[in-house]
file start-v4.csv (CSV, C-alpha atoms)
chain,number,residue,atom,x,y,z
A,1,MET,CA,-5.9,-16.9,-19.4
A,2,GLU,CA,-5.5,-19.9,-21.7
A,3,ALA,CA,-8.6,-18.7,-23.8
A,4,LEU,CA,-7.0,-15.3,-24.2
A,5,LEU,CA,-3.6,-16.3,-25.4
A,6,PRO,CA,-4.5,-17.6,-28.8
A,7,HIS,CA,-6.0,-14.2,-29.7
A,8,LEU,CA,-2.7,-12.6,-28.8
A,9,ASP,CA,-0.6,-14.8,-31.1
A,10,PRO,CA,-1.1,-12.7,-34.3
A,11,ILE,CA,0.0,-9.5,-32.4
A,12,VAL,CA,3.0,-11.2,-30.9
A,13,ALA,CA,4.0,-12.7,-34.2
A,14,ALA,CA,4.0,-9.3,-35.9
A,15,LEU,CA,6.1,-7.8,-33.1
A,16,ARG,CA,8.5,-10.7,-32.6
A,17,PRO,CA,11.0,-9.8,-35.4
A,18,HIS,CA,11.3,-6.3,-33.9
A,19,LEU,CA,11.4,-7.2,-30.2
A,20,LEU,CA,13.8,-10.2,-30.3
A,21,PRO,CA,16.9,-8.1,-31.3
A,22,ILE,CA,16.1,-5.6,-28.5
A,23,ILE,CA,15.7,-8.4,-25.9
A,24,GLN,CA,18.9,-10.1,-27.0
A,25,ALA,CA,20.8,-6.8,-26.7
A,26,LEU,CA,19.8,-6.4,-23.1
A,27,PRO,CA,22.7,-6.3,-20.5
A,28,ALA,CA,23.7,-9.6,-18.9
A,29,PRO,CA,22.4,-8.6,-15.4
A,30,VAL,CA,18.9,-8.2,-16.9
A,31,HIS,CA,19.0,-11.7,-18.4
A,32,GLU,CA,20.3,-13.1,-15.1
A,33,PHE,CA,17.5,-11.5,-13.2
A,34,GLY,CA,14.9,-12.9,-15.6
A,35,LEU,CA,16.4,-16.4,-15.3
A,36,SER,CA,16.3,-16.2,-11.5
A,37,GLN,CA,12.6,-15.2,-11.6
A,38,LEU,CA,11.3,-17.5,-14.4
A,39,GLY,CA,13.7,-20.5,-14.5
A,40,GLU,CA,15.5,-21.7,-17.6
A,41,ALA,CA,12.6,-23.4,-19.3
A,42,CYS,CA,10.1,-20.6,-19.0
A,43,TYR,CA,12.7,-17.9,-19.7
A,44,ALA,CA,13.7,-19.6,-22.9
A,45,THR,CA,10.1,-19.8,-24.0
A,46,ILE,CA,8.7,-16.5,-22.9
A,47,ILE,CA,11.7,-14.2,-23.3
A,48,GLY,CA,14.0,-16.1,-25.7
A,49,LYS,CA,11.3,-17.0,-28.2
A,50,LEU,CA,8.5,-14.6,-27.3
A,51,ASP,CA,6.1,-17.6,-27.3
A,52,LEU,CA,3.2,-16.9,-25.0
A,53,SER,CA,0.7,-19.6,-26.0
A,54,SER,CA,2.7,-22.9,-26.0
A,55,GLN,CA,3.2,-22.9,-22.2
A,56,PRO,CA,0.3,-21.0,-20.6
A,57,GLU,CA,1.7,-21.7,-17.1
A,58,CYS,CA,4.9,-19.9,-18.0
A,59,THR,CA,3.0,-16.9,-19.3
A,60,GLN,CA,1.0,-16.8,-16.1
A,61,LEU,CA,4.2,-17.0,-14.0
A,62,ALA,CA,5.8,-14.2,-16.1
A,63,ILE,CA,2.7,-11.9,-15.6
A,64,SER,CA,2.8,-12.6,-11.9
A,65,LYS,CA,6.5,-11.9,-11.6
A,66,ALA,CA,6.1,-8.7,-13.6
A,67,ILE,CA,3.2,-7.5,-11.4
A,68,GLY,CA,5.3,-8.4,-8.3
A,69,VAL,CA,8.3,-6.4,-9.5
A,70,VAL,CA,6.1,-3.4,-10.3
A,71,ILE,CA,4.5,-3.6,-6.8
A,72,VAL,CA,7.8,-3.8,-5.1
A,73,ALA,CA,9.1,-0.8,-7.2
A,74,LEU,CA,6.1,1.3,-6.4
A,75,SER,CA,6.2,0.5,-2.7
A,76,THR,CA,9.4,2.6,-2.5
A,77,VAL,CA,7.3,5.8,-3.0
A,78,VAL,CA,3.7,4.8,-2.2
A,79,LYS,CA,3.7,6.5,1.2
A,80,VAL,CA,6.0,9.4,0.3
A,81,PRO,CA,3.0,11.6,-0.5
A,82,GLN,CA,1.5,10.8,3.0
A,83,LEU,CA,4.9,11.7,4.6
A,84,ILE,CA,5.1,15.0,2.6
A,85,LYS,CA,1.5,15.9,3.6
A,86,LEU,CA,2.3,15.3,7.3
A,87,VAL,CA,5.5,17.3,7.3
A,88,LYS,CA,4.2,20.2,5.2
A,89,SER,CA,1.0,20.6,7.3
A,90,GLY,CA,2.6,19.9,10.7
A,91,SER,CA,-0.6,18.1,11.6
A,92,SER,CA,-1.8,14.5,11.9
A,93,LYS,CA,-5.5,15.4,11.4
A,94,GLY,CA,-7.4,12.6,9.7
A,95,VAL,CA,-4.5,10.0,10.2
A,96,SER,CA,-5.2,7.3,12.7
A,97,PHE,CA,-2.1,6.2,14.7
A,98,SER,CA,-3.8,3.0,15.8
A,99,SER,CA,-4.5,2.1,12.2
A,100,TYR,CA,-0.8,2.5,11.3
A,101,ALA,CA,0.4,0.7,14.4
A,102,LEU,CA,-1.8,-2.4,13.7
A,103,GLU,CA,-0.9,-2.4,10.0
A,104,THR,CA,2.8,-2.2,10.9
A,105,ALA,CA,2.5,-5.1,13.3
A,106,ALA,CA,0.7,-7.2,10.6
A,107,TYR,CA,3.4,-6.3,8.1
A,108,THR,CA,6.2,-7.3,10.4
A,109,ILE,CA,4.6,-10.7,11.1
A,110,THR,CA,3.9,-11.3,7.4
A,111,LEU,CA,7.4,-10.3,6.4
A,112,ALA,CA,9.0,-12.6,8.9
A,113,TYR,CA,6.6,-15.5,7.9
A,114,ASN,CA,7.4,-15.1,4.2
A,115,VAL,CA,11.2,-14.9,4.8
A,116,ARG,CA,11.2,-17.9,7.0
A,117,SER,CA,8.9,-19.8,4.6
A,118,GLY,CA,11.3,-19.2,1.7
A,119,ASN,CA,8.6,-17.6,-0.6
A,120,PRO,CA,9.7,-15.7,-3.7
A,121,PHE,CA,10.7,-12.1,-2.8
A,122,SER,CA,8.5,-10.8,-5.7
A,123,THR,CA,5.5,-12.0,-3.8
A,124,TYR,CA,6.1,-10.0,-0.6
A,125,GLY,CA,9.0,-7.6,-1.1
A,126,GLU,CA,7.0,-4.5,-0.8
A,127,ILE,CA,6.0,-5.4,2.7
A,128,ALA,CA,9.4,-4.5,4.1
A,129,LEU,CA,9.4,-1.1,2.4
A,130,LEU,CA,5.9,-0.3,3.4
A,131,ALA,CA,6.6,-1.3,7.0
A,132,ALA,CA,9.6,1.0,7.1
A,133,GLN,CA,7.5,3.9,5.8
A,134,ASN,CA,4.7,3.1,8.2
A,135,VAL,CA,7.1,3.3,11.2
A,136,ILE,CA,8.2,6.8,10.1
A,137,ILE,CA,4.5,8.0,9.6
A,138,SER,CA,3.5,6.5,13.0
A,139,LEU,CA,6.4,8.3,14.7
A,140,LEU,CA,5.5,11.6,13.0
A,141,VAL,CA,1.8,11.2,14.1
A,142,LEU,CA,2.9,10.7,17.7
A,143,ALA,CA,5.4,13.6,17.5
A,144,TYR,CA,2.7,16.0,16.1
A,145,ARG,CA,0.4,15.1,19.0
A,146,GLY,CA,3.2,15.9,21.5
A,147,ARG,CA,3.8,12.3,22.5
A,148,VAL,CA,7.5,12.0,22.0
A,149,ASP,CA,8.0,9.5,24.9
A,150,GLY,CA,5.3,7.4,23.3
A,151,ALA,CA,7.2,7.5,20.0
A,152,ALA,CA,10.4,6.2,21.6
A,153,LEU,CA,8.5,3.4,23.4
A,154,TYR,CA,6.8,2.4,20.1
A,155,ALA,CA,10.1,2.2,18.3
A,156,ALA,CA,11.6,0.0,21.1
A,157,VAL,CA,8.6,-2.4,21.1
A,158,LEU,CA,8.7,-2.8,17.3
A,159,ALA,CA,12.5,-3.5,17.3
A,160,SER,CA,12.0,-6.2,20.1
A,161,ALA,CA,9.1,-7.8,18.3
A,162,GLY,CA,11.0,-7.8,15.0
A,163,TYR,CA,14.0,-9.5,16.5
A,164,SER,CA,11.8,-12.2,18.1
A,165,LEU,CA,9.8,-12.9,14.9
A,166,PHE,CA,12.9,-13.5,12.8
A,167,ASN,CA,14.7,-15.6,15.4
A,168,GLU,CA,13.8,-19.3,15.1
A,169,ASN,CA,15.2,-19.9,18.6
A,170,ILE,CA,12.6,-17.6,20.1
A,171,ILE,CA,9.6,-18.4,17.9
A,172,ASN,CA,9.6,-21.9,16.3
A,173,LYS,CA,8.0,-22.8,12.9
A,174,GLU,CA,4.8,-24.1,14.3
A,175,THR,CA,4.2,-21.1,16.5
A,176,MET,CA,5.1,-18.8,13.5
A,177,VAL,CA,2.3,-20.3,11.5
A,178,MET,CA,-0.2,-19.5,14.3
A,179,VAL,CA,1.2,-16.0,14.6
A,180,GLN,CA,0.8,-15.4,10.9
A,181,ALA,CA,-2.8,-16.7,11.1
A,182,ALA,CA,-3.4,-14.1,13.9
A,183,ALA,CA,-1.9,-11.4,11.6
A,184,ILE,CA,-4.8,-11.7,9.2
A,185,PRO,CA,-7.4,-10.2,11.6
A,186,LEU,CA,-4.8,-7.8,12.9
A,187,GLY,CA,-4.2,-6.5,9.3
A,188,LEU,CA,-8.0,-6.2,8.8
A,189,MET,CA,-8.4,-4.4,12.1
A,190,SER,CA,-5.8,-1.9,11.1
A,191,LYS,CA,-8.2,-0.5,8.4
A,192,VAL,CA,-11.1,-0.1,10.9
A,193,PRO,CA,-9.7,2.9,12.9
A,194,GLN,CA,-8.9,4.8,9.7
A,195,ILE,CA,-12.4,4.1,8.3
A,196,TRP,CA,-13.9,5.2,11.6
A,197,THR,CA,-11.8,8.3,11.8
A,198,ILE,CA,-12.9,9.4,8.3
A,199,ALA,CA,-16.5,8.6,9.0
A,200,LYS,CA,-16.5,10.5,12.4
A,201,GLU,CA,-14.7,13.6,11.0
A,202,LYS,CA,-16.5,13.5,7.6
A,203,SER,CA,-13.1,14.4,6.2
A,204,THR,CA,-10.0,12.6,4.9
A,205,GLY,CA,-7.8,15.3,6.5
A,206,GLN,CA,-4.1,14.7,5.7
A,207,LEU,CA,-4.8,11.2,4.4
A,208,SER,CA,-3.1,10.7,1.0
A,209,ALA,CA,-5.3,9.6,-1.9
A,210,PHE,CA,-2.3,8.3,-3.7
A,211,ALA,CA,-1.6,5.9,-0.9
A,212,VAL,CA,-5.2,4.8,-0.5
A,213,PHE,CA,-5.6,3.9,-4.2
A,214,ASN,CA,-2.2,2.2,-4.4
A,215,TYR,CA,-3.3,0.1,-1.5
A,216,LEU,CA,-6.5,-0.8,-3.4
A,217,PHE,CA,-4.8,-1.8,-6.7
A,218,GLY,CA,-1.8,-3.4,-4.9
A,219,SER,CA,-4.0,-5.7,-2.8
A,220,LEU,CA,-5.9,-6.7,-5.9
A,221,ALA,CA,-2.7,-7.5,-7.7
A,222,ARG,CA,-1.4,-9.5,-4.7
A,223,ILE,CA,-4.4,-11.7,-4.9
A,224,PHE,CA,-3.3,-12.7,-8.4
A,225,THR,CA,0.4,-13.2,-7.6
A,226,THR,CA,-0.5,-15.3,-4.5
A,227,LEU,CA,-2.8,-17.5,-6.6
A,228,ALA,CA,-0.1,-17.8,-9.2
A,229,GLU,CA,3.0,-18.4,-7.1
A,230,VAL,CA,2.2,-19.1,-3.4
A,231,ASP,CA,0.2,-22.2,-2.4
A,232,ASP,CA,-0.7,-20.7,1.0
A,233,PRO,CA,-4.4,-20.0,1.9
A,234,ILE,CA,-3.4,-18.1,5.0
A,235,ILE,CA,-1.6,-15.4,2.9
A,236,LEU,CA,-4.4,-15.4,0.3
A,237,TYR,CA,-7.2,-14.8,2.9
A,238,GLY,CA,-5.3,-11.9,4.3
A,239,PHE,CA,-5.1,-10.2,0.8
A,240,LEU,CA,-8.7,-10.9,0.1
A,241,GLY,CA,-9.8,-9.3,3.4
A,242,GLY,CA,-7.5,-6.4,2.9
A,243,PHE,CA,-8.8,-5.7,-0.6
A,244,ALA,CA,-12.4,-5.6,0.7
A,245,LEU,CA,-11.5,-2.9,3.3
A,246,ASN,CA,-9.4,-1.0,0.9
A,247,VAL,CA,-12.5,-0.7,-1.3
A,248,VAL,CA,-14.3,1.0,1.7
A,249,LEU,CA,-11.4,3.4,2.2
A,250,ALA,CA,-11.3,4.2,-1.5
A,251,ILE,CA,-15.1,4.9,-1.5
A,252,GLN,CA,-14.6,7.2,1.5
A,253,MET,CA,-11.8,9.0,-0.2
A,254,LEU,CA,-14.0,9.8,-3.2
A,255,TRP,CA,-17.0,10.7,-1.1
A,256,TYR,CA,-15.2,13.1,1.1
A,257,TRP,CA,-12.7,14.3,-1.6
A,258,ASN,CA,-13.1,18.1,-1.0
A,259,SER,CA,-14.6,18.0,2.5
A,260,GLY,CA,-11.4,19.1,4.2
A,261,THR,CA,-11.3,22.3,2.2
A,262,GLN,CA,-15.0,23.0,2.6
A,263,LEU,CA,-14.9,22.4,6.4
A,264,GLY,CA,-11.9,24.7,6.7
A,265,ALA,CA,-13.6,27.4,4.6
A,266,LYS,CA,-16.7,27.3,6.9
A,267,LYS,CA,-14.6,27.6,10.0
A,268,GLU,CA,-12.3,30.4,8.7
A,269,LYS,CA,-12.9,33.8,10.4
A,270,LYS,CA,-12.3,37.2,8.8
A,271,HIS,CA,-10.0,39.5,10.6
A,272,TYR,CA,-10.1,43.3,10.1
A,273,ALA,CA,-7.5,45.9,11.0
A,274,PRO,CA,-8.9,48.6,13.3
A,275,GLY,CA,-10.4,51.4,11.1
A,276,GLY,CA,-9.3,49.7,8.0
A,277,LYS,CA,-11.3,49.1,4.8
A,278,GLY,CA,-14.1,46.6,5.3
A,279,THR,CA,-14.3,47.1,9.0
A,280,PRO,CA,-17.9,46.4,10.1
A,281,LYS,CA,-19.7,49.6,11.2
A,282,PRO,CA,-21.5,49.5,14.5
A,283,LYS,CA,-25.3,49.6,14.2
A,284,SER,CA,-27.0,52.7,15.6
A,285,GLY,CA,-29.0,52.0,18.7
A,286,GLY,CA,-31.7,54.6,17.8
A,287,ARG,CA,-32.6,57.9,16.1
A,288,LYS,CA,-30.4,61.0,16.4
A,289,LYS,CA,-31.8,63.7,18.7
A,290,ALA,CA,-32.4,67.1,17.1
call {"tool": "encode", "arguments": {"input": "start-v4.csv", "output": "structure tokens"}}
result
Amino acid sequence: MEALLPHLDPIVAALRPHLLPIIQALPAPVHEFGLSQLGEACYATIIGKLDLSSQPECTQLAISKAIGVVIVALSTVVKVPQLIKLVKSGSSKGVSFSSYALETAAYTITLAYNVRSGNPFSTYGEIALLAAQNVIISLLVLAYRGRVDGAALYAAVLASAGYSLFNENIINKETMVMVQAAAIPLGLMSKVPQIWTIAKEKSTGQLSAFAVFNYLFGSLARIFTTLAEVDDPIILYGFLGGFALNVVLAIQMLWYWNSGTQLGAKKEKKHYAPGGKGTPKPKSGGRKKA
């Protein structure tokens, strides 16, 4: 990072006279948000002066914050394509419930851990939104499999677990650290059923490519923001492991890209109206008699 910044100075210097008036004209809430994210010193240097090289640590923090804000913003829609595919098809083929259930459990634990640890919202905010979308997808998967009672039980268990995790009177700080450590293998395990389902069916079915690749790039970006802002190896190891398995899912998505269509075409049967055009003619059993 520090080696790259001097090379950017000429570009920033050329743009500075044009960008500074625009920055200064931004509404007060935008400036207040920037101050809350960067602090007075870094905000004055990076935003107020557009000076990227004098304080490299401020530049790294600004990049991390920007990435975090983008990830949180994208998380509001990252699983919408998956929801749309499920609703339009009325089928949960290719979507693993156990994968979503394990991932939601890991998300809930990680969300509670970050909130209780007082970590910056930009380093974990998307987890809350992704967990909410996961719950909806999980309930749809159960509903499309005719397990409505199971969906109700699943929602009740999640609500009870969430209440306990956020309540310090039920789970103290020391126990919460151990629970978060357990969430790492839980989050990694959540990818395995989905990987296995795709490999077994040799098809991605109703799995959304948009969601898979957003997971991949999001987990990579989270490694950077965690290194920049959060001094917690437990969280870092979770993102590193998640990224490795997201790479596997992305490769499967590319490998089986059109397999669902091809398999469907092979299984499709032609139907003919009786006596209509194209009706297969019965083969003659032998020669006609004179």
call {"tool": "closest_atom_pairs", "arguments": {"input": "start-v4.csv", "of": "range 46-152 of chain A", "to": "range 201-223 of chain A", "cutoff": "7 Å", "atoms": "all atoms listed in the file", "output": "CSV"}}
result
residue,atom,partner,partner_atom,distance
A:Ile67,CA,A:Ala221,CA,7.0
A:Ile71,CA,A:Gly218,CA,6.6
A:Val78,CA,A:Ala211,CA,5.6
A:Lys79,CA,A:Ala211,CA,5.7
A:Pro81,CA,A:Ser208,CA,6.3
A:Gln82,CA,A:Ser208,CA,5.0
A:Lys85,CA,A:Gln206,CA,6.1
A:Leu86,CA,A:Gln206,CA,6.6
A:Ser92,CA,A:Gln206,CA,6.6
A:Lys93,CA,A:Gly205,CA,5.4
A:Gly94,CA,A:Gly205,CA,4.2
A:Val95,CA,A:Leu207,CA,5.9
call {"tool": "write_last_selection", "arguments": {"input": "start-v4.csv", "atoms": "C-alpha atoms", "output": "PDB file, in the coordinates of the input"}}
result
ATOM      1  CA  ILE A  67       3.200  -7.500 -11.400  1.00  0.00           C
ATOM      2  CA  ILE A  71       4.500  -3.600  -6.800  1.00  0.00           C
ATOM      3  CA  VAL A  78       3.700   4.800  -2.200  1.00  0.00           C
ATOM      4  CA  LYS A  79       3.700   6.500   1.200  1.00  0.00           C
ATOM      5  CA  PRO A  81       3.000  11.600  -0.500  1.00  0.00           C
ATOM      6  CA  GLN A  82       1.500  10.800   3.000  1.00  0.00           C
ATOM      7  CA  LYS A  85       1.500  15.900   3.600  1.00  0.00           C
ATOM      8  CA  LEU A  86       2.300  15.300   7.300  1.00  0.00           C
ATOM      9  CA  SER A  92      -1.800  14.500  11.900  1.00  0.00           C
ATOM     10  CA  LYS A  93      -5.500  15.400  11.400  1.00  0.00           C
ATOM     11  CA  GLY A  94      -7.400  12.600   9.700  1.00  0.00           C
ATOM     12  CA  VAL A  95      -4.500  10.000  10.200  1.00  0.00           C
TER      13      VAL A  95
END
call {"tool": "closest_residue", "arguments": {"input": "start-v4.csv", "among": "A:Lys49, A:Tyr113, A:Cys42, A:Ser36", "to": "Ile23 in chain A", "atoms": "only C-alpha atoms"}}
result
A:Lys49
call {"tool": "atom_distance", "arguments": {"input": "start-v4.csv", "atom1": "CA of Glu103 in chain A", "atom2": "CA of Ala151 in chain A"}}
result
16.2 Å
call {"tool": "atom_distance", "arguments": {"input": "start-v4.csv", "atom1": "CA of Thr225 in chain A", "atom2": "CA of Ala244 in chain A"}}
result
17.0 Å
call {"tool": "atom_distance", "arguments": {"input": "start-v4.csv", "atom1": "CA of Gln194 in chain A", "atom2": "CA of Pro233 in chain A"}}
result
26.4 Å
call {"tool": "closest_atom_pairs", "arguments": {"input": "start-v4.csv", "of": "range 112-142 of chain A", "to": "range 154-164 of chain A", "cutoff": "9 Å", "atoms": "only C-alpha atoms", "output": "tab-separated table"}}
result
residue	atom	partner	partner_atom	distance
A:Ala112	CA	A:Gly162	CA	8.0
A:Val135	CA	A:Ala155	CA	7.8
A:Ser138	CA	A:Tyr154	CA	8.8
A:Leu139	CA	A:Ala155	CA	8.0
call {"tool": "closest_residue", "arguments": {"input": "start-v4.csv", "among": "A:Asn246, A:Asn119, A:Gln55, A:Thr76", "to": "Ala131 in chain A", "atoms": "only C-alpha atoms"}}
result
A:Thr76
call {"tool": "closest_residue", "arguments": {"input": "start-v4.csv", "among": "A:Phe97, A:Tyr107, A:Phe166, A:Phe121", "to": "Leu142 in chain A", "atoms": "all atoms listed in the file"}}
result
A:Phe97
call {"tool": "closest_residue", "arguments": {"input": "start-v4.csv", "among": "A:Leu254, A:Ile22, A:Val192, A:Ala128", "to": "Gly242 in chain A", "atoms": "all atoms listed in the file"}}
result
A:Val192
call {"tool": "residues_around", "arguments": {"input": "start-v4.csv", "residues": "Ser96 in chain A", "least_positions_apart": "4", "cutoff": "7 Å", "atoms": "only C-alpha atoms", "output": "ChimeraX atom specification"}}
result
/A:100,193-194,197
call {"tool": "write_last_selection", "arguments": {"input": "start-v4.csv", "atoms": "C-alpha atoms", "output": "mmCIF file, keeping the file's coordinate frame"}}
result
data_model
loop_
_atom_site.group_PDB
_atom_site.id
_atom_site.type_symbol
_atom_site.label_atom_id
_atom_site.label_comp_id
_atom_site.auth_asym_id
_atom_site.auth_seq_id
_atom_site.Cartn_x
_atom_site.Cartn_y
_atom_site.Cartn_z
ATOM 1 C CA TYR A 100 -0.800 2.500 11.300
ATOM 2 C CA PRO A 193 -9.700 2.900 12.900
ATOM 3 C CA GLN A 194 -8.900 4.800 9.700
ATOM 4 C CA THR A 197 -11.800 8.300 11.800
#
call {"tool": "residues_near_point", "arguments": {"input": "start-v4.csv", "point": "(-5.5, -12.2, -1.2)", "cutoff": "7 Å", "atoms": "only C-alpha atoms", "output": "list of chain:residue names"}}
result
A:Ser219, A:Arg222, A:Ile223, A:Thr226, A:Ile235, A:Leu236, A:Tyr237, A:Gly238, A:Phe239, A:Leu240, A:Gly241
call {"tool": "closest_residue", "arguments": {"input": "start-v4.csv", "among": "A:Ser89, A:Ser122, A:Thr45, A:Ser54", "to": "Ala73 in chain A", "atoms": "only C-alpha atoms"}}
result
A:Ser122
call {"tool": "closest_residue", "arguments": {"input": "start-v4.csv", "among": "A:Val141, A:Ile63, A:Ala105, A:Glu57", "to": "Val87 in chain A", "atoms": "only C-alpha atoms"}}
result
A:Val141
